[in-house]
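Asks: model12.tsv is reproduced below (TSV, C-alpha atoms).
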chain	number	residue	atom	x	y	z
V	13	MET	CA	23.27	65.59	7.89
V	14	ARG	CA	20.07	67.35	8.81
V	15	PRO	CA	17.06	65.08	8.24
V	16	TYR	CA	14.39	65.96	5.73
V	17	LYS	CA	11.45	67.87	7.16
V	18	HIS	CA	9.08	64.88	7.19
V	19	GLN	CA	11.73	62.25	7.61
V	20	LEU	CA	11.84	60.48	10.94
V	21	SER	CA	15.14	60.75	12.69
V	22	LEU	CA	17.04	57.66	13.70
V	23	LYS	CA	16.33	58.43	17.32
V	24	THR	CA	12.56	58.59	16.69
V	25	ILE	CA	12.61	55.32	14.75
V	26	PHE	CA	14.58	53.70	17.56
V	27	ILE	CA	12.11	54.88	20.20
V	28	LEU	CA	9.14	53.73	18.09
V	29	LEU	CA	10.78	50.32	17.58
V	30	ILE	CA	11.51	49.94	21.27
V	31	PHE	CA	7.93	50.80	22.21
V	32	SER	CA	6.37	48.58	19.54
V	33	CYS	CA	8.61	45.65	20.55
V	34	PHE	CA	7.74	46.22	24.18
V	35	ALA	CA	4.03	46.32	23.33
V	36	LEU	CA	4.35	43.14	21.25
V	37	PHE	CA	6.32	41.17	23.83
V	38	SER	CA	4.11	42.27	26.69
V	39	ASN	CA	1.16	40.95	24.70
V	40	LEU	CA	2.82	37.74	23.53
V	41	ASN	CA	1.03	35.57	26.07
V	42	ASN	CA	-2.27	36.83	24.78
V	43	CYS	CA	-1.18	36.61	21.15
V	44	PHE	CA	-0.41	32.93	21.28
V	45	ALA	CA	-2.94	31.93	23.90
V	46	SER	CA	-5.54	29.63	22.51
V	47	LYS	CA	-8.93	31.17	22.22
V	48	ARG	CA	-10.18	28.04	20.50
V	49	GLN	CA	-10.31	26.18	23.78
V	50	GLU	CA	-12.39	28.88	25.39
V	51	ALA	CA	-16.15	28.79	25.28
V	52	LYS	CA	-17.49	31.07	22.60
V	53	THR	CA	-21.06	32.03	22.03
V	54	ILE	CA	-20.63	33.05	18.44
V	55	HIS	CA	-17.87	33.68	15.94
V	56	PHE	CA	-17.53	35.06	12.44
V	57	PHE	CA	-14.84	33.99	10.04
V	58	GLY	CA	-13.90	35.67	6.80
V	59	ALA	CA	-10.96	34.55	4.69
V	60	PHE	CA	-9.05	35.06	1.51
V	61	GLY	CA	-8.43	32.17	-0.84
V	62	ASN	CA	-6.45	31.66	-4.00
V	63	LEU	CA	-4.76	34.93	-5.16
V	64	TYR	CA	-6.45	36.76	-2.28
V	65	THR	CA	-9.86	36.39	-3.81
V	66	PHE	CA	-12.89	35.62	-1.68
V	67	GLY	CA	-12.24	32.41	0.22
V	68	SER	CA	-14.80	31.84	2.91
V	69	ALA	CA	-17.51	33.48	5.05
V	70	ARG	CA	-18.81	31.57	8.04
V	71	VAL	CA	-20.67	32.05	11.24
V	72	GLY	CA	-20.57	29.52	14.03
V	73	GLY	CA	-20.47	28.54	17.65
V	74	GLU	CA	-17.91	26.78	19.77
V	75	LYS	CA	-18.10	23.50	17.90
V	76	PHE	CA	-19.68	24.18	14.55
V	77	GLU	CA	-19.65	26.52	11.57
V	78	ILE	CA	-22.16	27.28	8.86
V	79	GLY	CA	-21.94	29.32	5.68
V	80	LEU	CA	-19.74	29.42	2.63
V	81	LEU	CA	-17.09	26.97	3.79
V	82	THR	CA	-15.15	27.72	0.61
V	83	HIS	CA	-15.92	30.22	-2.12
V	84	SER	CA	-18.41	27.88	-3.74
V	85	PHE	CA	-19.42	25.37	-1.12
V	86	LEU	CA	-22.32	26.11	1.17
V	87	GLY	CA	-22.49	23.87	4.19
V	88	ILE	CA	-22.16	23.07	7.85
V	89	ALA	CA	-19.10	21.70	9.58
V	90	SER	CA	-18.12	20.42	12.98
V	91	LEU	CA	-15.07	22.01	14.65
V	92	ILE	CA	-12.82	19.82	16.76
V	93	ASN	CA	-9.96	21.24	18.80
V	94	ALA	CA	-6.54	19.68	18.35
V	95	GLY	CA	-3.78	20.91	20.61
V	96	SER	CA	-3.68	24.43	21.91
V	97	VAL	CA	-4.20	26.36	18.69
V	98	GLY	CA	-5.08	23.75	16.08
V	99	TYR	CA	-8.37	22.36	14.92
V	100	PHE	CA	-9.88	19.96	12.44
V	101	SER	CA	-13.26	20.37	10.83
V	102	PHE	CA	-15.47	18.04	8.89
V	103	GLY	CA	-18.85	18.67	7.37
V	104	THR	CA	-21.24	18.40	4.55
V	105	GLY	CA	-22.91	20.80	2.17
V	106	LEU	CA	-23.89	21.78	-1.31
V	107	ASP	CA	-21.64	22.70	-4.19
V	108	ILE	CA	-23.16	25.85	-5.67
V	109	ALA	CA	-20.65	26.51	-8.44
V	110	GLY	CA	-19.60	23.14	-9.80
V	111	SER	CA	-20.59	21.91	-13.21
V	112	GLY	CA	-23.43	19.83	-11.93
V	113	GLY	CA	-23.83	20.98	-8.35
V	114	GLY	CA	-24.67	18.39	-5.80
V	115	ILE	CA	-24.02	17.41	-2.24
V	116	GLY	CA	-20.52	16.87	-0.99
V	117	ILE	CA	-18.17	16.80	1.93
V	118	TYR	CA	-15.79	19.37	3.34
V	119	ALA	CA	-12.70	18.94	5.51
V	120	GLY	CA	-10.29	21.42	6.99
V	121	ALA	CA	-7.24	21.57	9.19
V	122	GLY	CA	-6.06	24.84	10.59
V	123	VAL	CA	-4.64	27.00	13.30
V	124	GLU	CA	-6.02	30.01	15.08
V	125	PHE	CA	-3.54	32.27	16.82
V	126	PHE	CA	-2.24	35.78	17.35
V	127	SER	CA	-5.23	37.08	19.23
V	128	PHE	CA	-5.87	40.76	19.56
V	129	TRP	CA	-8.95	41.61	21.55
V	130	ILE	CA	-11.72	39.63	19.80
V	131	VAL	CA	-9.82	39.10	16.55
V	132	ASP	CA	-7.71	36.01	15.82
V	133	LEU	CA	-5.64	35.27	12.78
V	134	ARG	CA	-6.75	31.97	11.30
V	135	CYS	CA	-5.13	29.84	8.59
V	136	GLU	CA	-6.73	26.73	7.18
V	137	MET	CA	-6.02	24.03	4.64
V	138	SER	CA	-9.46	23.20	3.30
V	139	ALA	CA	-10.75	20.70	0.80
V	140	VAL	CA	-14.14	19.91	-0.66
V	141	SER	CA	-15.51	17.25	-2.92
V	142	SER	CA	-19.01	16.96	-4.30
V	143	TRP	CA	-20.96	14.53	-6.38
V	144	GLY	CA	-21.24	17.14	-9.15
V	145	ASN	CA	-17.67	16.70	-10.36
V	146	TYR	CA	-16.16	19.33	-8.12
V	147	THR	CA	-13.14	18.63	-5.97
V	148	GLU	CA	-10.90	21.40	-4.76
V	149	GLY	CA	-8.34	22.28	-2.13
V	150	GLN	CA	-7.55	25.78	-0.96
V	151	ILE	CA	-5.42	27.51	1.60
V	152	LEU	CA	-7.45	30.09	3.48
V	153	VAL	CA	-6.08	32.98	5.50
V	154	GLY	CA	-8.45	35.22	7.38
V	155	ALA	CA	-9.70	36.75	10.55
V	156	ASN	CA	-11.89	35.19	13.19
V	157	LEU	CA	-14.07	37.41	15.35
V	158	ALA	CA	-15.13	35.61	18.50
V	159	PHE	CA	-17.57	36.90	21.11
Y	17	MET	CA	27.53	-26.01	17.04
Y	18	LYS	CA	28.47	-22.39	16.38
Y	19	LEU	CA	25.32	-21.95	14.29
Y	20	GLN	CA	23.15	-23.32	17.08
Y	21	ILE	CA	24.53	-20.78	19.53
Y	22	PHE	CA	23.70	-18.00	17.10
Y	23	GLN	CA	20.23	-19.43	16.58
Y	24	ILE	CA	19.61	-19.57	20.33
Y	25	LEU	CA	20.93	-16.03	20.75
Y	26	PHE	CA	18.75	-14.80	17.91
Y	27	ILE	CA	15.61	-16.46	19.27
Y	28	SER	CA	16.24	-15.13	22.77
Y	29	PHE	CA	16.82	-11.67	21.28
Y	30	VAL	CA	13.47	-11.82	19.43
Y	31	ILE	CA	11.69	-13.00	22.60
Y	32	GLN	CA	13.23	-10.14	24.56
Y	33	LEU	CA	12.17	-7.69	21.88
Y	34	LEU	CA	8.59	-8.89	22.17
Y	35	PHE	CA	8.62	-7.96	25.85
Y	36	ILE	CA	10.62	-4.73	25.55
Y	37	VAL	CA	9.20	-3.06	22.47
Y	38	GLU	CA	6.09	-1.02	23.03
Y	39	LYS	CA	2.97	-2.44	21.48
Y	40	ALA	CA	2.23	-0.69	18.20
Y	41	GLU	CA	-1.28	0.31	17.34
Y	42	GLY	CA	-1.84	0.34	13.64
Y	43	ASP	CA	-4.15	-0.48	10.82
Y	44	VAL	CA	-4.16	-0.88	7.07
Y	45	ARG	CA	-6.64	1.01	4.91
Y	46	ILE	CA	-7.97	0.48	1.46
Y	47	GLY	CA	-10.41	2.75	-0.31
Y	48	THR	CA	-11.65	4.42	-3.42
Y	49	GLY	CA	-12.98	7.83	-4.40
Y	50	LEU	CA	-12.54	10.91	-6.57
Y	51	SER	CA	-9.64	13.24	-7.15
Y	52	THR	CA	-8.81	16.71	-8.45
Y	53	THR	CA	-6.07	15.08	-10.50
Y	54	THR	CA	-8.56	14.31	-13.24
Y	55	ALA	CA	-10.31	17.68	-12.78
Y	56	GLY	CA	-12.95	16.08	-10.61
Y	57	ARG	CA	-14.22	13.72	-13.31
Y	58	MET	CA	-15.96	10.66	-12.00
Y	59	ILE	CA	-12.94	8.41	-12.28
Y	60	PRO	CA	-12.42	6.18	-9.29
Y	61	SER	CA	-9.10	6.33	-7.52
Y	62	LEU	CA	-7.37	3.67	-5.49
Y	63	TYR	CA	-6.25	4.46	-1.98
Y	64	LEU	CA	-3.94	2.50	0.30
Y	65	GLY	CA	-2.94	3.62	3.76
Y	66	LEU	CA	-0.99	2.49	6.76
Y	67	ASN	CA	-1.44	3.89	10.26
Y	68	LEU	CA	1.15	3.19	12.92
Y	69	ASN	CA	0.77	4.85	16.30
Y	70	HIS	CA	0.80	8.58	15.59
Y	71	PHE	CA	2.06	8.34	12.03
Y	72	ALA	CA	0.32	7.50	8.79
Y	73	LEU	CA	1.48	6.82	5.29
Y	74	SER	CA	-0.86	6.82	2.32
Y	75	LEU	CA	-0.62	6.20	-1.38
Y	76	ALA	CA	-3.36	7.21	-3.78
Y	77	SER	CA	-3.53	6.65	-7.48
Y	78	VAL	CA	-5.89	7.69	-10.23
Y	79	GLY	CA	-5.78	7.27	-13.99
Y	80	VAL	CA	-7.72	7.27	-17.22
Y	81	GLN	CA	-6.79	6.24	-20.74
Y	82	ASN	CA	-8.41	6.11	-24.14
Y	83	ASP	CA	-7.13	6.14	-27.74
Y	84	LEU	CA	-6.45	9.86	-27.77
Y	85	ASP	CA	-5.34	10.79	-24.27
Y	86	TYR	CA	-4.26	9.48	-20.93
Y	87	HIS	CA	-3.84	10.97	-17.49
Y	88	THR	CA	-2.28	9.31	-14.49
Y	89	GLY	CA	-1.48	10.60	-11.03
Y	90	HIS	CA	0.08	9.20	-7.88
Y	91	GLN	CA	0.26	10.78	-4.48
Y	92	LEU	CA	2.29	9.84	-1.43
Y	93	ASN	CA	1.52	11.48	1.91
Y	94	LEU	CA	3.09	11.21	5.34
Y	95	PHE	CA	1.08	12.45	8.31
Y	96	MET	CA	1.18	12.90	12.03
Y	97	VAL	CA	-2.29	11.80	13.04
Y	98	SER	CA	-4.55	12.05	16.04
Y	99	LYS	CA	-8.17	11.45	16.94
Y	100	PRO	CA	-9.05	14.66	18.73
Y	101	GLY	CA	-12.81	14.14	18.99
Y	102	ASP	CA	-16.06	12.73	17.72
Y	103	LEU	CA	-18.66	13.76	15.20
Y	104	LEU	CA	-22.04	12.25	15.99
Y	105	TRP	CA	-21.31	8.57	16.65
Y	106	GLY	CA	-17.96	8.33	14.86
Y	107	ALA	CA	-14.45	9.49	15.64
Y	108	ILE	CA	-12.73	12.20	13.63
Y	109	GLU	CA	-9.19	11.44	12.62
Y	110	GLY	CA	-7.05	14.37	11.58
Y	111	GLY	CA	-3.55	14.53	10.20
Y	112	ILE	CA	-1.01	17.13	9.19
Y	113	GLY	CA	2.03	16.29	7.11
Y	114	LEU	CA	3.79	16.43	3.80
Y	115	GLY	CA	2.88	15.05	0.40
Y	116	VAL	CA	4.30	14.46	-3.04
Y	117	HIS	CA	2.22	14.22	-6.18
Y	118	HIS	CA	3.40	12.90	-9.53
Y	119	TYR	CA	1.36	13.23	-12.70
Y	120	GLN	CA	1.74	12.36	-16.36
Y	121	ILE	CA	-0.51	13.50	-19.19
Y	122	GLY	CA	-0.52	12.45	-22.84
Y	123	TYR	CA	-2.64	13.80	-25.68
Y	124	ARG	CA	-2.87	13.50	-29.46
Y	125	GLU	CA	-5.18	15.02	-32.07
Y	126	ASN	CA	-5.74	11.82	-34.04
Y	127	LEU	CA	-4.66	8.19	-34.03
Y	128	GLN	CA	-1.80	8.82	-36.48
Y	129	ASP	CA	-0.37	11.66	-34.39
Y	130	LEU	CA	2.58	10.91	-32.09
Y	131	GLY	CA	1.08	13.15	-29.46
Y	132	LEU	CA	2.38	15.32	-26.66
Y	133	GLU	CA	3.37	14.28	-23.17
Y	134	LYS	CA	3.77	16.21	-19.98
Y	135	LYS	CA	4.81	15.11	-16.54
Y	136	GLY	CA	5.62	16.81	-13.31
Y	137	VAL	CA	5.99	16.59	-9.57
Y	138	ALA	CA	4.46	18.77	-6.89
Y	139	ALA	CA	5.24	18.69	-3.19
Y	140	GLY	CA	3.98	20.57	-0.19
Y	141	PRO	CA	1.98	20.45	3.02
Y	142	ALA	CA	-0.81	17.93	3.29
Y	143	MET	CA	-3.77	17.31	5.52
Y	144	ARG	CA	-6.32	14.59	6.09
Y	145	VAL	CA	-9.61	14.45	7.89
Y	146	PHE	CA	-11.48	11.15	8.11
Y	147	TRP	CA	-14.76	10.44	9.78
Y	148	HIS	CA	-14.98	6.86	11.03
Y	149	MET	CA	-18.60	5.91	10.39
Y	150	SER	CA	-18.18	2.52	11.99
Y	151	SER	CA	-15.40	0.45	13.49
Y	152	PHE	CA	-13.95	-0.17	10.03
Y	153	LEU	CA	-15.67	2.16	7.51
Y	154	PHE	CA	-14.49	5.72	7.00
Y	155	ILE	CA	-15.08	8.66	4.69
Y	156	GLY	CA	-12.92	11.73	4.31
Y	157	LEU	CA	-10.62	13.95	2.34
Y	158	GLU	CA	-6.89	13.93	1.89
Y	159	ALA	CA	-5.29	16.96	0.29
Y	160	MET	CA	-1.82	18.03	-0.74
Y	161	TYR	CA	-1.02	21.66	-1.54
Y	162	GLY	CA	1.91	21.72	-3.95
Y	163	LEU	CA	4.15	24.74	-3.55
Y	164	ARG	CA	5.29	26.44	-6.73
Y	165	GLY	CA	8.01	28.95	-5.96
Y	166	ALA	CA	6.81	32.02	-4.15
Y	167	LEU	CA	3.24	31.67	-5.41
Y	168	PHE	CA	2.20	30.29	-2.02
Y	169	LEU	CA	2.57	33.86	-0.74
Y	170	PHE	CA	-0.46	34.59	-2.91
Y	171	LEU	CA	-2.20	31.52	-1.45
Y	172	SER	CA	-1.88	29.81	-4.82
Y	173	THR	CA	-0.98	26.13	-4.69
Y	174	GLN	CA	-1.21	23.10	-6.92
Y	175	ASP	CA	-3.81	21.25	-4.95
Y	176	SER	CA	-4.40	17.55	-5.23
Y	177	VAL	CA	-7.40	16.33	-3.28
Y	178	PHE	CA	-8.61	12.78	-2.87
Y	179	ALA	CA	-12.09	12.12	-1.54
Y	180	ILE	CA	-11.99	8.65	-0.05
Y	181	VAL	CA	-14.46	6.06	1.11
Y	182	GLY	CA	-12.66	3.12	2.59
Y	183	ALA	CA	-12.24	0.45	5.18
Y	184	SER	CA	-9.57	-0.03	7.82
Y	185	PHE	CA	-8.41	-3.42	9.08
Would it be possible to restate this file's structure as structure tokens?

Replies:
Amino acid sequence: MRPYKHQLSLKTIFILLIFSCFALFSNLNNCFASKRQEAKTIHFFGAFGNLYTFGSARVGGEKFEIGLLTHSFLGIASLINAGSVGYFSFGTGLDIAGSGGGIGIYAGAGVEFFSFWIVDLRCEMSAVSSWGNYTEGQILVGANLAF
Amino acid sequence: MKLQIFQILFISFVIQLLFIVEKAEGDVRIGTGLSTTTAGRMIPSLYLGLNLNHFALSLASVGVQNDLDYHTGHQLNLFMVSKPGDLLWGAIEGGIGLGVHHYQIGYRENLQDLGLEKKGVAAGPAMRVFWHMSSFLFIGLEAMYGLRGALFLFLSTQDSVFAIVGASF
């Protein structure tokens, strides 16, 4: 059967697949290499939270982060490497959306992997609790830009 | 006579175990704090934990009751833990694992009403991060993200977070 005008032929799909697999496998070492262990001057992290709404926006250095740690918690956190791609973070900040506001603590555990150039995929289990009756846990998925 | 032989064998076996088995490093924790279980209301929770080498088990409980409603929640978490670094003067302890949360809620409009009850279980990945302020005092968060079908693909989970201030012995 003659393929439709804009339809890719099986041969073309096969060649594209072969090349994309080759490109992926040749880059695997870089993809899963830990960039977290490397010295970084500055990094930016943006993430989605619950139902892919805004989750987090942070800027930081090698061992700290500052910004909106979750969608409603402004603070500063310390980053501690764990293993080759994992990290834990712990910090303090201000609840800016809770019923009464107030200071609180933040904790996170996550992984940073699949590096392409300066962009890493980063997933985090985060939790915050503040004195103003606000306690929440969220899973964050986002991109980390490290320079 | 036969019993004595068994007793001697048993004692020698225990003595050998003491020399063979690797020394376990562990501690017991007790604490209190807040939880999402009660929508963050200022209701203290009770926290009990056990750390043994690289594993940790914790049980947290929170509850409130009055004439018209009650709410109770229990959470059991199992972690693989490590102390990867320090924050200021204290060590950070992090853990990744699995957790189960059980809750029960009861509510009635007035004292004559029989009321409604609801209970459920959530299970999923869990994490903990504690900051050890001193040799025995710690503060931190323990969270469990209950998976509900395929909703986790939308990053939606039934979270249950305990903020804990406690002591380890």

Asks: If we count all atoms listed in the file, what is near Tyr86 in chain Y at a cut-off of 8 Å, once residues fewer than 4 positions away on the same chain are taken out, given as a VMD selection string?

Replies: chain Y and resid 79 to 82 121 to 123

Asks: Using all atoms listed in the file and a distance of at most 7 Å, pull out the residues of chain V that contact chain Y, as a compact mmCIF listing (two decimals) with C-alpha atoms, in the coordinates of the input.

Replies:
# COMPACT_ATOMS: atom_id res chain seq x y z
CA GLY V 61 -8.43 32.17 -0.84
CA ASN V 62 -6.45 31.66 -4.00
CA LEU V 63 -4.76 34.93 -5.16
CA TYR V 64 -6.45 36.76 -2.28
CA ILE V 92 -12.82 19.82 16.76
CA ASN V 93 -9.96 21.24 18.80
CA ALA V 94 -6.54 19.68 18.35
CA PHE V 100 -9.88 19.96 12.44
CA PHE V 102 -15.47 18.04 8.89
CA ALA V 119 -12.70 18.94 5.51
CA ALA V 121 -7.24 21.57 9.19
CA ALA V 139 -10.75 20.70 0.80
CA SER V 141 -15.51 17.25 -2.92
CA ASN V 145 -17.67 16.70 -10.36
CA TYR V 146 -16.16 19.33 -8.12
CA THR V 147 -13.14 18.63 -5.97
CA GLU V 148 -10.90 21.40 -4.76
CA GLY V 149 -8.34 22.28 -2.13
CA ILE V 151 -5.42 27.51 1.60

Asks: Expressed in Å to a single decimal, how great is the separation between CA of Leu81 in chain V and CA of Ser127 in chain V?

Replies: 21.9 Å

Asks: So that I can see what lies close to Val137 in chain Y, please list as a PyMOL selection string the residues with an atom at most 10 Å from it, counting only C-alpha atoms and leaving out residues fewer than 2 positions away in the same chain.

Replies: chain Y and resi 89-91+116-120+135+139+162

Asks: Given the choices Y:Ser28, Y:Gln128, Y:Glu133, Y:Leu114, which gets closest to Leu163 in chain Y if the distance is worked out from all atoms listed in the file?

Replies: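 Result for the nearest residue to Leu163 in chain Y: Y:Leu114.
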
Asks: With 3 Å of padding per side, what axis-aligned box (centre and edge lengths, Å, one decimal) covers all the listed atoms of range 73-89 of chain V? Give it as JSON.

Replies:
{"center_x": -18.8, "center_y": 26.0, "center_z": 8.0, "size_x": 13.3, "size_y": 14.5, "size_z": 29.5}

Asks: What does the distance between CA of Ser138 in chain V and CA of Lys75 in chain V come to in Å, to one decimal place?

Replies: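 So the answer is 17.0 Å.
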
Asks: Could you check which of V:Val140, V:Val97, V:Ile117, V:Ala158 is closest to Thr82 in chain V, using all atoms listed in the file?

Replies: V:Val140

Asks: By how many Å are CA of Gly98 in chain V and CA of Gly106 in chain Y apart?

Replies: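 According to the coordinates, CA of Gly98 in chain V and CA of Gly106 in chain Y are separated by 20.1 Å.
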
Asks: Nearest residue to Lys134 in chain Y out of Y:Ala183, Y:Gly42, Y:His87, Y:Leu75, using all atoms listed in the file?

Replies: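 Closest to Lys134 in chain Y of all the choices is Y:His87.
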
Asks: Find the residues around Ser151 in chain Y up to 12 Å (all atoms listed in the file counted), leave out those fewer than 2 positions away in its own chain, and share them as a CSV table (one decimal) with C-alpha atoms, keeping the file's coordinate frame.

Replies:
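So part_35.csv came out as:
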chain,number,residue,atom,x,y,z
Y,43,ASP,CA,-4.2,-0.5,10.8
Y,105,TRP,CA,-21.3,8.6,16.6
Y,106,GLY,CA,-18.0,8.3,14.9
Y,107,ALA,CA,-14.4,9.5,15.6
Y,147,TRP,CA,-14.8,10.4,9.8
Y,148,HIS,CA,-15.0,6.9,11.0
Y,149,MET,CA,-18.6,5.9,10.4
Y,153,LEU,CA,-15.7,2.2,7.5
Y,154,PHE,CA,-14.5,5.7,7.0
Y,182,GLY,CA,-12.7,3.1,2.6
Y,183,ALA,CA,-12.2,0.4,5.2
Y,184,SER,CA,-9.6,0.0,7.8
Y,185,PHE,CA,-8.4,-3.4,9.1

Asks: Check the smallest atom-to-atom distance from each of V:Tyr118, V:Phe66, V:Trp143, V:Phe159 to Ile130 in chain V using all atoms listed in the file, then report the winner.

Replies: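 Ranking V:Tyr118, V:Phe66, V:Trp143, V:Phe159 by distance to Ile130 in chain V, first place goes to V:Phe159.
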
Asks: For Phe71 in chain Y, which of Y:Gly131, Y:Gly136, Y:Gly165, Y:Gly113 is the closest residue, counting only C-alpha atoms?

Replies: Y:Gly113

Asks: For each of V:Gly95, V:Gly120, V:Gly72, V:Gly87, take the minimum atom-to-atom distance to Met137 in chain V, counting only C-alpha atoms, then give the residue where this is smallest.

Replies: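 Of all the options, V:Gly120 lies closest to Met137 in chain V.
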
Asks: Would you kindly return, as number ranges by chain, each protein, DNA or RNA residue with an atom no farther than 8 Å from any atom of Ile108 in chain V, considering only C-alpha atoms and excluding same-chain residues fewer than 3 positions away?

Replies: V: 84-86, 113-114

Asks: Tell me which protein, DNA and RNA residues are within 6 Å of Cys135 in chain V, counting all atoms listed in the file, leaving out same-chain ones fewer than 3 positions away, and put them as a PDB file with C-alpha atoms, keeping the file's coordinate frame.

Replies:
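So the final result, stored in selection.pdb, reads:
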ATOM      1  CA  GLY V 122      -6.060  24.840  10.590  1.00  0.00           C
ATOM      2  CA  VAL V 123      -4.640  27.000  13.300  1.00  0.00           C
ATOM      3  CA  LEU V 152      -7.450  30.090   3.480  1.00  0.00           C
ATOM      4  CA  VAL V 153      -6.080  32.980   5.500  1.00  0.00           C
TER       5      VAL V 153
END

Asks: Around (-11.3, 40.6, 13.4) in the file's own coordinates, what residues are found within 7 Å if you use all atoms listed in the file, given back as a PyMOL selection string?

Replies: chain V and resi 130-132+155-157

Asks: Can range 59-74 of chain Y be brought up to N, CA, C and O atoms and written out as a CSV table (one decimal), in the frame of the given file?

Replies:
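The new file out13.csv reads:
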chain,number,residue,atom,x,y,z
Y,59,ILE,N,-13.9,9.5,-12.0
Y,59,ILE,CA,-12.9,8.4,-12.3
Y,59,ILE,C,-12.5,7.9,-10.9
Y,59,ILE,O,-11.9,8.6,-10.2
Y,60,PRO,N,-12.8,6.7,-10.6
Y,60,PRO,CA,-12.4,6.2,-9.3
Y,60,PRO,C,-10.9,6.1,-9.1
Y,60,PRO,O,-10.1,5.9,-10.0
Y,61,SER,N,-10.5,6.4,-7.9
Y,61,SER,CA,-9.1,6.3,-7.5
Y,61,SER,C,-8.9,5.2,-6.6
Y,61,SER,O,-9.9,4.7,-5.9
Y,62,LEU,N,-7.7,4.7,-6.4
Y,62,LEU,CA,-7.4,3.7,-5.5
Y,62,LEU,C,-6.6,4.3,-4.3
Y,62,LEU,O,-5.7,5.1,-4.6
Y,63,TYR,N,-6.9,3.9,-3.1
Y,63,TYR,CA,-6.2,4.5,-2.0
Y,63,TYR,C,-5.8,3.3,-1.1
Y,63,TYR,O,-6.5,2.4,-0.7
Y,64,LEU,N,-4.5,3.5,-0.7
Y,64,LEU,CA,-3.9,2.5,0.3
Y,64,LEU,C,-3.3,3.3,1.4
Y,64,LEU,O,-2.6,4.3,1.2
Y,65,GLY,N,-3.5,2.9,2.6
Y,65,GLY,CA,-2.9,3.6,3.8
Y,65,GLY,C,-2.4,2.7,4.8
Y,65,GLY,O,-2.9,1.6,5.0
Y,66,LEU,N,-1.5,3.2,5.6
Y,66,LEU,CA,-1.0,2.5,6.8
Y,66,LEU,C,-0.9,3.4,7.9
Y,66,LEU,O,-0.3,4.5,7.8
Y,67,ASN,N,-1.5,3.1,9.0
Y,67,ASN,CA,-1.4,3.9,10.3
Y,67,ASN,C,-0.6,3.1,11.3
Y,67,ASN,O,-0.9,1.9,11.5
Y,68,LEU,N,0.3,3.8,11.9
Y,68,LEU,CA,1.2,3.2,12.9
Y,68,LEU,C,1.3,4.2,14.0
Y,68,LEU,O,2.0,5.2,13.9
Y,69,ASN,N,0.8,3.9,15.2
Y,69,ASN,CA,0.8,4.8,16.3
Y,69,ASN,C,0.3,6.2,15.8
Y,69,ASN,O,-0.8,6.4,15.4
Y,70,HIS,N,1.2,7.2,15.9
Y,70,HIS,CA,0.8,8.6,15.6
Y,70,HIS,C,1.2,9.0,14.2
Y,70,HIS,O,1.1,10.1,13.8
Y,71,PHE,N,1.6,8.0,13.4
Y,71,PHE,CA,2.1,8.3,12.0
Y,71,PHE,C,1.2,7.6,11.0
Y,71,PHE,O,0.7,6.5,11.3
Y,72,ALA,N,1.1,8.2,9.8
Y,72,ALA,CA,0.3,7.5,8.8
Y,72,ALA,C,1.0,7.8,7.4
Y,72,ALA,O,1.5,8.8,7.2
Y,73,LEU,N,0.9,6.7,6.6
Y,73,LEU,CA,1.5,6.8,5.3
Y,73,LEU,C,0.4,6.4,4.3
Y,73,LEU,O,-0.3,5.4,4.6
Y,74,SER,N,0.2,7.2,3.3
Y,74,SER,CA,-0.9,6.8,2.3
Y,74,SER,C,-0.4,7.0,0.9
Y,74,SER,O,0.5,7.8,0.6
